[in-house]
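Trainee: Sharing run-v5.pdb here; it has PDB, C-alpha atoms.
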ATOM      1  CA  MET A 281      18.648 -49.876  51.961
ATOM      2  CA  SER A 282      21.236 -48.429  49.585
ATOM      3  CA  GLN A 283      24.664 -47.566  50.928
ATOM      4  CA  GLN A 284      26.207 -44.239  49.970
ATOM      5  CA  LEU A 285      29.353 -44.970  47.944
ATOM      6  CA  PRO A 286      32.447 -42.953  48.828
ATOM      7  CA  SER A 287      33.525 -40.532  46.125
ATOM      8  CA  LEU A 288      36.543 -41.643  44.114
ATOM      9  CA  PRO A 289      39.449 -41.533  44.524
ATOM     10  CA  VAL A 290      39.450 -42.772  48.113
ATOM     11  CA  THR A 291      42.346 -44.065  50.214
ATOM     12  CA  PHE A 292      41.890 -46.631  52.966
ATOM     13  CA  ARG A 293      44.653 -47.038  55.521
ATOM     14  CA  PRO A 294      44.950 -47.980  59.198
ATOM     15  CA  THR A 295      45.332 -44.392  60.422
ATOM     16  CA  ARG A 296      45.626 -45.137  64.141
ATOM     17  CA  THR A 297      48.199 -47.864  63.591
ATOM     18  CA  ARG A 298      50.101 -45.596  61.212
ATOM     19  CA  ALA A 299      50.070 -42.716  63.717
ATOM     20  CA  VAL A 300      51.342 -44.976  66.507
ATOM     21  CA  LEU A 301      54.114 -46.468  64.338
ATOM     22  CA  LEU A 302      55.346 -43.104  63.079
ATOM     23  CA  THR A 303      55.164 -41.468  66.507
ATOM     24  CA  VAL A 304      57.084 -44.315  68.135
ATOM     25  CA  GLY A 305      59.583 -44.258  65.261
ATOM     26  CA  VAL A 306      60.293 -40.550  65.620
ATOM     27  CA  ALA A 307      60.518 -40.825  69.425
ATOM     28  CA  MET A 308      62.934 -43.776  69.218
ATOM     29  CA  PHE A 309      65.093 -41.989  66.669
ATOM     30  CA  VAL A 310      65.260 -38.820  68.776
ATOM     31  CA  VAL A 311      65.993 -40.668  72.038
ATOM     32  CA  ILE A 312      68.669 -42.976  70.583
ATOM     33  CA  THR A 313      70.312 -40.087  68.718
ATOM     34  CA  ALA A 314      70.276 -37.915  71.851
ATOM     35  CA  ILE A 315      71.848 -40.723  73.873
ATOM     36  CA  ALA A 316      74.531 -41.160  71.197
ATOM     37  CA  LEU A 317      75.355 -37.466  71.294
ATOM     38  CA  ILE A 318      75.171 -37.039  75.087
ATOM     39  CA  LEU A 319      77.229 -40.017  76.294
ATOM     40  CA  PRO A 320      80.795 -38.783  76.692
ATOM     41  CA  SER A 321      82.288 -42.281  76.674
ATOM     42  CA  LEU A 322      81.257 -42.971  73.063
ATOM     43  CA  GLY A 323      83.717 -42.439  70.258
ATOM     44  CA  PRO A 324      82.745 -41.054  66.834
ATOM     45  CA  GLY A 325      82.305 -44.526  65.319
ATOM     46  CA  GLU A 326      80.046 -45.630  68.140
ATOM     47  CA  ARG A 327      77.965 -42.456  67.833
ATOM     48  CA  VAL A 328      77.507 -43.082  64.113
ATOM     49  CA  SER A 329      76.579 -46.694  64.885
ATOM     50  CA  PHE A 330      73.916 -45.577  67.378
ATOM     51  CA  ILE A 331      72.447 -43.068  64.910
ATOM     52  CA  PHE A 332      72.551 -45.619  62.075
ATOM     53  CA  THR A 333      70.693 -48.129  64.274
ATOM     54  CA  ALA A 334      68.098 -45.478  65.163
ATOM     55  CA  ALA A 335      67.611 -44.687  61.463
ATOM     56  CA  LEU A 336      67.289 -48.384  60.667
ATOM     57  CA  LEU A 337      64.631 -48.888  63.363
ATOM     58  CA  PHE A 338      62.766 -45.803  62.150
ATOM     59  CA  SER A 339      62.846 -47.031  58.545
ATOM     60  CA  VAL A 340      61.363 -50.394  59.591
ATOM     61  CA  LEU A 341      58.485 -48.610  61.326
ATOM     62  CA  VAL A 342      57.952 -46.394  58.259
ATOM     63  CA  LEU A 343      57.809 -49.554  56.123
ATOM     64  CA  LEU A 344      55.230 -51.068  58.492
ATOM     65  CA  SER A 345      53.116 -47.897  58.192
ATOM     66  CA  ARG A 346      53.131 -48.004  54.358
ATOM     67  CA  PRO A 347      50.096 -50.225  53.573
ATOM     68  CA  LYS A 348      47.088 -48.598  51.966
ATOM     69  CA  VAL A 349      44.341 -49.349  49.474
ATOM     70  CA  VAL A 350      43.534 -46.678  46.900
ATOM     71  CA  ALA A 351      40.319 -46.963  44.895
ATOM     72  CA  ASP A 352      39.782 -44.818  41.800
ATOM     73  CA  GLU A 353      37.739 -44.962  38.601
ATOM     74  CA  THR A 354      40.106 -47.507  36.993
ATOM     75  CA  GLY A 355      40.285 -49.929  39.903
ATOM     76  CA  VAL A 356      42.123 -50.541  43.140
ATOM     77  CA  THR A 357      45.794 -50.140  43.968
ATOM     78  CA  VAL A 358      46.909 -52.300  46.888
ATOM     79  CA  VAL A 359      50.113 -51.112  48.560
ATOM     80  CA  ASN A 360      51.452 -53.674  51.022
ATOM     81  CA  LEU A 361      54.809 -53.656  52.824
ATOM     82  CA  THR A 362      57.060 -54.086  49.801
ATOM     83  CA  ARG A 363      54.694 -54.528  46.854
ATOM     84  CA  ARG A 364      52.204 -52.416  44.946
ATOM     85  CA  ARG A 365      49.594 -53.994  42.681
ATOM     86  CA  HIS A 366      46.918 -52.323  40.592
ATOM     87  CA  LEU A 367      43.724 -54.284  39.958
ATOM     88  CA  ALA A 368      40.965 -53.406  37.523
ATOM     89  CA  TRP A 369      37.535 -53.434  39.173
ATOM     90  CA  ALA A 370      36.565 -56.509  37.137
ATOM     91  CA  GLU A 371      39.422 -58.498  38.709
ATOM     92  CA  ILE A 372      37.949 -58.175  42.216
ATOM     93  CA  LEU A 373      35.262 -60.776  42.817
ATOM     94  CA  GLN A 374      34.901 -60.410  46.570
ATOM     95  CA  VAL A 375      36.138 -58.276  49.475
ATOM     96  CA  ASN A 376      36.452 -60.296  52.703
ATOM     97  CA  LEU A 377      37.068 -59.262  56.294
ATOM     98  CA  ARG A 378      35.991 -62.145  58.496
ATOM     99  CA  ALA A 379      36.179 -62.238  62.278
ATOM    100  CA  GLY A 380      39.764 -62.970  63.267
ATOM    101  CA  ASP A 381      41.274 -61.936  59.912
ATOM    102  CA  PRO A 382      44.341 -59.703  60.342
ATOM    103  CA  TRP A 383      43.373 -57.670  57.241
ATOM    104  CA  VAL A 384      41.088 -57.639  54.215
ATOM    105  CA  PHE A 385      41.496 -60.301  51.546
ATOM    106  CA  LEU A 386      40.484 -59.679  47.945
ATOM    107  CA  ASN A 387      39.309 -62.748  46.022
ATOM    108  CA  LEU A 388      40.417 -62.251  42.432
ATOM    109  CA  SER A 389      39.149 -63.463  39.074
ATOM    110  CA  ASP A 390      42.333 -65.496  38.497
ATOM    111  CA  GLY A 391      41.442 -67.738  41.457
ATOM    112  CA  THR A 392      43.934 -66.171  43.874
ATOM    113  CA  SER A 393      43.437 -64.103  46.993
ATOM    114  CA  LEU A 394      45.361 -60.880  47.643
ATOM    115  CA  PRO A 395      45.850 -59.569  51.173
ATOM    116  CA  ALA A 396      45.148 -55.835  51.428
ATOM    117  CA  LEU A 397      47.041 -54.728  54.534
ATOM    118  CA  GLY A 398      45.695 -51.185  54.198
ATOM    119  CA  ILE A 399      42.451 -52.302  55.847
ATOM    120  CA  GLN A 400      43.250 -54.077  59.100
ATOM    121  CA  PRO A 401      41.287 -54.312  62.335
ATOM    122  CA  GLY A 402      44.273 -53.948  64.691
ATOM    123  CA  ILE A 403      43.599 -50.979  66.976
ATOM    124  CA  GLY A 404      40.904 -49.502  64.698
ATOM    125  CA  LYS A 405      38.413 -52.354  64.328
ATOM    126  CA  GLN A 406      35.306 -50.246  63.623
ATOM    127  CA  GLN A 407      37.172 -48.157  61.047
ATOM    128  CA  ALA A 408      38.396 -51.342  59.327
ATOM    129  CA  ILE A 409      34.840 -52.699  59.177
ATOM    130  CA  ARG A 410      33.577 -49.411  57.672
ATOM    131  CA  ASP A 411      36.448 -49.358  55.158
ATOM    132  CA  ALA A 412      35.924 -53.006  54.160
ATOM    133  CA  THR A 413      32.190 -52.386  53.721
ATOM    134  CA  ALA A 414      32.862 -49.303  51.568
ATOM    135  CA  LEU A 415      35.427 -51.158  49.421
ATOM    136  CA  ARG A 416      33.007 -54.078  49.032
ATOM    137  CA  ALA A 417      30.248 -51.692  47.897
ATOM    138  CA  LEU A 418      32.625 -50.003  45.434
ATOM    139  CA  ALA A 419      33.737 -53.371  44.035
ATOM    140  CA  GLU A 420      30.126 -54.452  43.593
ATOM    141  CA  ALA A 421      29.173 -51.160  41.938
ATOM    142  CA  HIS A 422      32.160 -50.988  39.582
ATOM    143  CA  GLY A 423      33.174 -54.593  39.033
ATOM    144  CA  THR A 424      31.695 -57.967  38.297
ATOM    145  CA  GLY A 425      30.217 -58.424  41.754
ATOM    146  CA  PRO A 426      26.544 -59.285  42.349
ATOM    147  CA  GLY A 427      24.360 -57.572  39.798
ATOM    148  CA  ASN A 428      27.232 -56.604  37.462
ATOM    149  CA  SER A 429      28.028 -59.908  35.787
TER     150      SER A 429
END
For the file at hand, write its structure as structure tokens.
Mentor:
Amino acid sequence: MSQQLPSLPVTFRPTRTRAVLLTVGVAMFVVITAIALILPSLGPGERVSFIFTAALLFSVLVLLSRPKVVADETGVTVVNLTRRRHLAWAEILQVNLRAGDPWVFLNLSDGTSLPALGIQPGIGKQQAIRDATALRALAEAHGTGPGNS
């Protein structure tokens, strides 16, 4: 049974988690800013402090929603919270998502393992399994996985 490979380029990301984080971030920013502007007892400095805190909280949630894995003809780009790393297909030996793992791990040809936070079970377990399976199939088809050595 041959699996249909996704067409490249393809982006994997935890869409439900991302939607929740961004929605909560916008809601928090709006509510905290509204409170800062509505409360008559706050001075200008305190209002700015409230709005700055709201922006800071929103930016943290945006950062948490950043992870993704982008596969294209040249390889895979893993975007985690603060780092971006491009891997050639040949560098990826194995794509792992075991029961209980918080996200996919890529076993690399240099003997290290790279977490790929863009595929995480969280609140979208079935989607993460489908994405991990698709990335595994792409790595095997394009890289040095089974049958390509």
Trainee: Using the chain letters and numbers from this file, what does the PyMOL selection byres ((chain A and resi 377) around 9) select? Give the answer as a list in words.
Mentor: Val375, Asn376, Arg378, Ala379, Gly380, Asp381, Pro382, Trp383, Val384, Phe385, Ile399, Gln400, Pro401, Ala408, Ile409, Ala412 and Thr413 of chain A
Trainee: Tell me, in Å to one decimal, how far atom CA of A:Thr333 is from atom CA of A:Arg363.
Mentor: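 Distance reported for this atom pair: 24.5 Å.
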Trainee: Just the residues within 8 Å of A:Asp390, please, counting only C-alpha atoms, with nothing from its chain fewer than 2 positions along; format it as number ranges by chain.
Mentor: A: 371, 388, 392
Trainee: If we count all atoms listed in the file and set the cut-off at 9 Å, which residues sit around stretch 291-293 of chain A, ignoring sequence neighbours fewer than 3 positions away in its own chain? Please answer as a PyMOL selection string.
Mentor: chain A and resi 288+296-298+345-352+397-400+408+411-412+415
Trainee: Excluding same-chain residues fewer than 2 positions from A:Leu341, what lies within 12 Å of it counting only C-alpha atoms, as number ranges by chain?
Mentor: A: 297-309, 334-339, 343-347, 361
Trainee: Quick one: which residues end up in the PyMOL selection byres ((chain A and resi 369) around 10) for this structure, as a list in words?
Mentor: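 Applied to this file, the PyMOL selection byres ((chain A and resi 369) around 10) selects Ala351, Asp352, Glu353, Thr354, Gly355, Val356, His366, Leu367, Ala368, Ala370, Glu371, Ile372, Leu373, Leu388, Leu418, Ala419, Glu420, Ala421, His422, Gly423, Thr424 and Gly425 of chain A.
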Trainee: Taking into account all atoms listed in the file, which residue in the set A:Val328, A:Ser389, A:Gly402, A:Arg416 is nearest to A:Thr295?
Mentor: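 Using all atoms listed in the file, the shortest distance to A:Thr295 belongs to A:Gly402.
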